[in-house]
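For reference, the structure is listed below as structure tokens.
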Amino acid sequence: MNEQIKQIAERLSGLRDALEITPEEMAQVCHLSVEEYLRLESGTIDISVSVLHQISQAYGIELTTLMFGDEPKMCSYFVTRKGKGVAVERVKAYKYQSLAAGFVNRKADPFIVTVHPTPDDTPVYLNSHPGQEFNLILSGHLLFHINGKELQLNEGDSIYFNSALPHGMKTLGDEKVRFLAIIM
């Protein structure tokens with residue numbers, strides 16, 4: 001598995017130890033079985049952003065701290081130069097670039113997400129997390145699944161949605177998709 005996923009898993013384990021949280025409590029926060037949660041902590045499987053978001057909300061930890069390991073320090077403003085945001089590639093198909101990792105106590109987490117094409121028969125992974133989300137397609141074509149519906153989103157299209165509803169996506173065609181995602 002990816003080295004970055006292993007690092008995220010180590011941060012989860014460290015957080016749980018530091019806060020003296022049992023695996024059972026953490027699994028409950030993530031809406032997972034204890035076995036599923038411990039597999040995340042082992043670093044042998046992918047860790048979805050929605051799970052990390054649930055943990056960050058439950059324990060008052062910045063989402064980007066869990067994803068990237070850096071503590072935000074800025075409280076007036078934070079500039080991210082083009083192509084310079086802290087990035088993590090959870091799996092080969094998805095890369096998240098944080099646009100506000102250095103800002104303390106954010107009300108939202110903005111990312112540039114790059115999704116690489118997968119074979120047509122690849123199933124869409126659905127996830128959900130508390131809050132709301134906004135996605136603006138910057139380039140490419142995306143098939144977006146939400147609450148049992150399929151929507152085709154193209155460059156310039158956007159969607160704002162209740163992220164507690166099951167949602168997921170995959171590219172359409174053989175070009176990568178880039179979009180702005182804001183998780184609130």
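In the structure tokens, the first chain shown is A, the next is B, and so on; residue numbers restart at 1 for each chain, and ligands run from 1 in the order shown.
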
(request) Just the residues within 12 Å of Ile55 of chain A, please, counting only C-alpha atoms, with nothing from its chain fewer than 5 positions along; format it as JSON, numbers by chain. (result) {"A": [11, 12, 13, 15, 16, 21, 25, 26, 27, 28, 29, 30, 31, 32, 37, 47, 48, 49, 50, 60, 61, 62, 63, 64, 65, 66, 67, 129, 130]}

Store the residues picked out above in a file with C-alpha atoms, as a PDB file, in the first residue's frame.
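What ended up in part_31.pdb:
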ATOM      1  CA  ARG A  11      -1.368   9.434  12.661  1.00  0.00           C
ATOM      2  CA  LEU A  12      -4.717   7.753  13.377  1.00  0.00           C
ATOM      3  CA  SER A  13      -3.085   5.293  15.741  1.00  0.00           C
ATOM      4  CA  LEU A  15      -4.261  10.219  17.804  1.00  0.00           C
ATOM      5  CA  ARG A  16      -6.142   7.321  19.346  1.00  0.00           C
ATOM      6  CA  ILE A  21      -9.628   6.310  22.721  1.00  0.00           C
ATOM      7  CA  GLU A  25     -14.945   4.144  20.209  1.00  0.00           C
ATOM      8  CA  MET A  26     -13.062   5.176  17.073  1.00  0.00           C
ATOM      9  CA  ALA A  27     -14.884   2.557  14.988  1.00  0.00           C
ATOM     10  CA  GLN A  28     -18.218   3.870  16.258  1.00  0.00           C
ATOM     11  CA  VAL A  29     -17.311   7.454  15.246  1.00  0.00           C
ATOM     12  CA  CYS A  30     -16.394   6.188  11.763  1.00  0.00           C
ATOM     13  CA  HIS A  31     -19.507   3.983  11.457  1.00  0.00           C
ATOM     14  CA  LEU A  32     -17.267   0.954  10.915  1.00  0.00           C
ATOM     15  CA  TYR A  37     -11.278   0.376  11.657  1.00  0.00           C
ATOM     16  CA  ILE A  47      -8.549   5.501   4.124  1.00  0.00           C
ATOM     17  CA  SER A  48     -11.341   7.618   2.671  1.00  0.00           C
ATOM     18  CA  VAL A  49     -11.472  11.356   3.199  1.00  0.00           C
ATOM     19  CA  SER A  50     -14.991  10.918   4.559  1.00  0.00           C
ATOM     20  CA  GLY A  60     -11.571  18.687  16.941  1.00  0.00           C
ATOM     21  CA  ILE A  61      -8.546  17.835  14.795  1.00  0.00           C
ATOM     22  CA  GLU A  62      -7.882  19.615  11.512  1.00  0.00           C
ATOM     23  CA  LEU A  63      -8.669  17.316   8.559  1.00  0.00           C
ATOM     24  CA  THR A  64      -5.436  18.324   6.865  1.00  0.00           C
ATOM     25  CA  THR A  65      -3.459  17.423  10.001  1.00  0.00           C
ATOM     26  CA  LEU A  66      -4.742  13.858   9.687  1.00  0.00           C
ATOM     27  CA  MET A  67      -4.104  13.803   5.931  1.00  0.00           C
ATOM     28  CA  HIS A 129     -19.865  12.104   6.015  1.00  0.00           C
ATOM     29  CA  PRO A 130     -21.638  14.774   8.036  1.00  0.00           C
TER      30      PRO A 130
END

(request) Name the closest residue to Gln7 of chain A among the candidates A:Gln54, A:Ser42, A:Thr22, A:Thr114; distances are taken between atoms, counting only C-alpha atoms. (result) A:Ser42

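Across the structure, atom CA of Lys176 of chain A and atom CA of Phe78 of chain A are spaced 28.0 Å apart.
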
(request) Could you check which of A:Ile137, A:Ile159, A:Leu126, A:Val115 is closest to Phe179 of chain A, using only C-alpha atoms? (result) A:Ile137

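When only C-alpha atoms are used to measure the gap to Ser76 of chain A, the shortest distance among A:Ile112, A:Gly102, A:Ile146, A:Lys95 belongs to A:Gly102.
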
(message) So that I can see what lies close to His116 of chain A, please list as a PyMOL selection string the residues with an atom at most 7 Å from it, counting only C-alpha atoms and leaving out residues fewer than 3 positions away in the same chain.
(response) chain A and resi 93-94+176-177

Any chance you can output those residues with C-alpha atoms as an mmCIF file, in the first residue's frame?
data_model
loop_
_atom_site.group_PDB
_atom_site.id
_atom_site.type_symbol
_atom_site.label_atom_id
_atom_site.label_comp_id
_atom_site.auth_asym_id
_atom_site.auth_seq_id
_atom_site.Cartn_x
_atom_site.Cartn_y
_atom_site.Cartn_z
ATOM 1 C CA ALA A 93 -6.761 7.082 -8.934
ATOM 2 C CA TYR A 94 -7.170 10.025 -6.498
ATOM 3 C CA LYS A 176 -8.257 12.724 -15.906
ATOM 4 C CA VAL A 177 -10.714 14.981 -14.094
#

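Rounded to one decimal, atom CA of Pro166 of chain A and atom CA of Glu71 of chain A lie 29.8 Å from each other.
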
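If only C-alpha atoms are the atoms counted, then among A:Lys6, A:Lys73, A:Lys149, A:Lys84 the closest residue to Ile45 of chain A is A:Lys6.
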
(message) Please identify the alpha helix (DSSP H) residues within segment 28-154 of chain A (assignment by DSSP from backbone atoms) and present them as a list in words.
(response) Gln28, Val29, Cys30, Val34, Glu35, Glu36, Tyr37, Leu38, Arg39, Leu40, Glu41, Ser42, Val49, Ser50, Val51, Leu52, His53, Gln54, Ile55, Ser56, Gln57, Ala58, Tyr59, Leu63, Thr64, Thr65, Leu66, Met67 and Phe68 of chain A

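Each of A:Asp46, A:Asp120, A:Asp174, A:Glu133 was checked against Ala108 of chain A using only C-alpha atoms; the smallest atom-to-atom distance is that of A:Glu133.
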
(message) For a quick check of understanding, using only C-alpha atoms, which of A:Ser163, A:Ser158, A:Thr44, A:Asn105 has the smallest distance to Ser56 of chain A?
(response) A:Asn105

(message) Neighbouring residues of Leu136 of chain A were defined as those with any atom within 10 Å, considering only C-alpha atoms; residues of the same chain fewer than 6 positions away were excluded. Please report them as a PyMOL selection string.
(response) chain A and resi 112+153-160+178-182

Kindly export the residues of the current selection with N, CA, C and O atoms, as a PDB file, in the first residue's frame.
ATOM      1  N   ILE A 112      -8.047  20.700  -4.365  1.00  0.00           N
ATOM      2  CA  ILE A 112      -8.088  20.375  -5.789  1.00  0.00           C
ATOM      3  C   ILE A 112      -7.930  18.868  -5.834  1.00  0.00           C
ATOM      4  O   ILE A 112      -6.960  18.318  -5.307  1.00  0.00           O
ATOM      5  N   LEU A 153     -21.263  15.366 -14.939  1.00  0.00           N
ATOM      6  CA  LEU A 153     -20.770  16.720 -14.713  1.00  0.00           C
ATOM      7  C   LEU A 153     -19.594  16.970 -15.646  1.00  0.00           C
ATOM      8  O   LEU A 153     -18.678  16.154 -15.734  1.00  0.00           O
ATOM      9  N   ASN A 154     -19.615  18.103 -16.305  1.00  0.00           N
ATOM     10  CA  ASN A 154     -18.576  18.477 -17.264  1.00  0.00           C
ATOM     11  C   ASN A 154     -17.870  19.737 -16.789  1.00  0.00           C
ATOM     12  O   ASN A 154     -18.314  20.404 -15.858  1.00  0.00           O
ATOM     13  N   GLU A 155     -16.802  20.083 -17.468  1.00  0.00           N
ATOM     14  CA  GLU A 155     -16.035  21.279 -17.129  1.00  0.00           C
ATOM     15  C   GLU A 155     -16.963  22.474 -16.960  1.00  0.00           C
ATOM     16  O   GLU A 155     -17.829  22.733 -17.794  1.00  0.00           O
ATOM     17  N   GLY A 156     -16.817  23.165 -15.821  1.00  0.00           N
ATOM     18  CA  GLY A 156     -17.642  24.333 -15.518  1.00  0.00           C
ATOM     19  C   GLY A 156     -18.891  24.012 -14.719  1.00  0.00           C
ATOM     20  O   GLY A 156     -19.487  24.904 -14.129  1.00  0.00           O
ATOM     21  N   ASP A 157     -19.301  22.738 -14.684  1.00  0.00           N
ATOM     22  CA  ASP A 157     -20.468  22.342 -13.889  1.00  0.00           C
ATOM     23  C   ASP A 157     -20.072  22.264 -12.419  1.00  0.00           C
ATOM     24  O   ASP A 157     -18.912  22.019 -12.085  1.00  0.00           O
ATOM     25  N   SER A 158     -21.059  22.447 -11.553  1.00  0.00           N
ATOM     26  CA  SER A 158     -20.806  22.312 -10.121  1.00  0.00           C
ATOM     27  C   SER A 158     -21.980  21.618  -9.462  1.00  0.00           C
ATOM     28  O   SER A 158     -23.081  21.566 -10.017  1.00  0.00           O
ATOM     29  N   ILE A 159     -21.719  21.109  -8.276  1.00  0.00           N
ATOM     30  CA  ILE A 159     -22.765  20.486  -7.479  1.00  0.00           C
ATOM     31  C   ILE A 159     -22.506  20.815  -6.014  1.00  0.00           C
ATOM     32  O   ILE A 159     -21.375  20.767  -5.553  1.00  0.00           O
ATOM     33  N   TYR A 160     -23.568  21.184  -5.321  1.00  0.00           N
ATOM     34  CA  TYR A 160     -23.535  21.433  -3.883  1.00  0.00           C
ATOM     35  C   TYR A 160     -24.492  20.408  -3.285  1.00  0.00           C
ATOM     36  O   TYR A 160     -25.620  20.285  -3.744  1.00  0.00           O
ATOM     37  N   ARG A 178     -10.170  17.064 -13.007  1.00  0.00           N
ATOM     38  CA  ARG A 178      -9.722  17.921 -11.904  1.00  0.00           C
ATOM     39  C   ARG A 178     -10.930  18.720 -11.443  1.00  0.00           C
ATOM     40  O   ARG A 178     -11.663  19.267 -12.267  1.00  0.00           O
ATOM     41  N   PHE A 179     -11.120  18.766 -10.117  1.00  0.00           N
ATOM     42  CA  PHE A 179     -12.223  19.578  -9.604  1.00  0.00           C
ATOM     43  C   PHE A 179     -11.851  20.195  -8.262  1.00  0.00           C
ATOM     44  O   PHE A 179     -10.991  19.691  -7.546  1.00  0.00           O
ATOM     45  N   LEU A 180     -12.512  21.296  -7.975  1.00  0.00           N
ATOM     46  CA  LEU A 180     -12.391  21.958  -6.691  1.00  0.00           C
ATOM     47  C   LEU A 180     -13.436  21.329  -5.785  1.00  0.00           C
ATOM     48  O   LEU A 180     -14.619  21.304  -6.129  1.00  0.00           O
ATOM     49  N   ALA A 181     -13.000  20.801  -4.643  1.00  0.00           N
ATOM     50  CA  ALA A 181     -13.924  20.226  -3.657  1.00  0.00           C
ATOM     51  C   ALA A 181     -13.810  21.036  -2.377  1.00  0.00           C
ATOM     52  O   ALA A 181     -12.696  21.292  -1.906  1.00  0.00           O
ATOM     53  N   ILE A 182     -14.924  21.467  -1.847  1.00  0.00           N
ATOM     54  CA  ILE A 182     -14.944  22.171  -0.576  1.00  0.00           C
ATOM     55  C   ILE A 182     -15.836  21.365   0.358  1.00  0.00           C
ATOM     56  O   ILE A 182     -17.026  21.205   0.109  1.00  0.00           O
TER      57      ILE A 182
END

(message) What's the separation between atom CA of Val113 of chain A and atom CA of Leu38 of chain A, in Å to one decimal place?
(response) 26.6 Å

(request) Would you return as a ChimeraX atom specification the members of chain A that DSSP assigns to strand (DSSP E) on this structure's backbone? (result) /A:87-91,94-98,109-115,132-139,141-146,149-154,158-162,167-171,177-183

Give me, as a JSON list (two decimals) with C-alpha atoms, in the first residue's frame, all polymer residues having an atom no more than 12 Å from Pro123 of chain A, counting only C-alpha atoms and skipping those fewer than 4 positions away in the same chain.
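Written out: out.json:
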[["chain", "number", "residue", "atom", "x", "y", "z"],
["A", 118, "THR", "CA", -10.24, 3.70, -14.40],
["A", 119, "PRO", "CA", -11.67, 0.84, -16.47],
["A", 143, "LEU", "CA", -20.06, 10.57, -13.49],
["A", 145, "HIS", "CA", -23.43, 9.25, -7.98],
["A", 168, "GLY", "CA", -19.08, 8.84, -5.21],
["A", 169, "MET", "CA", -17.64, 9.45, -8.65],
["A", 170, "LYS", "CA", -15.66, 8.11, -11.56],
["A", 171, "THR", "CA", -14.22, 9.62, -14.70]]
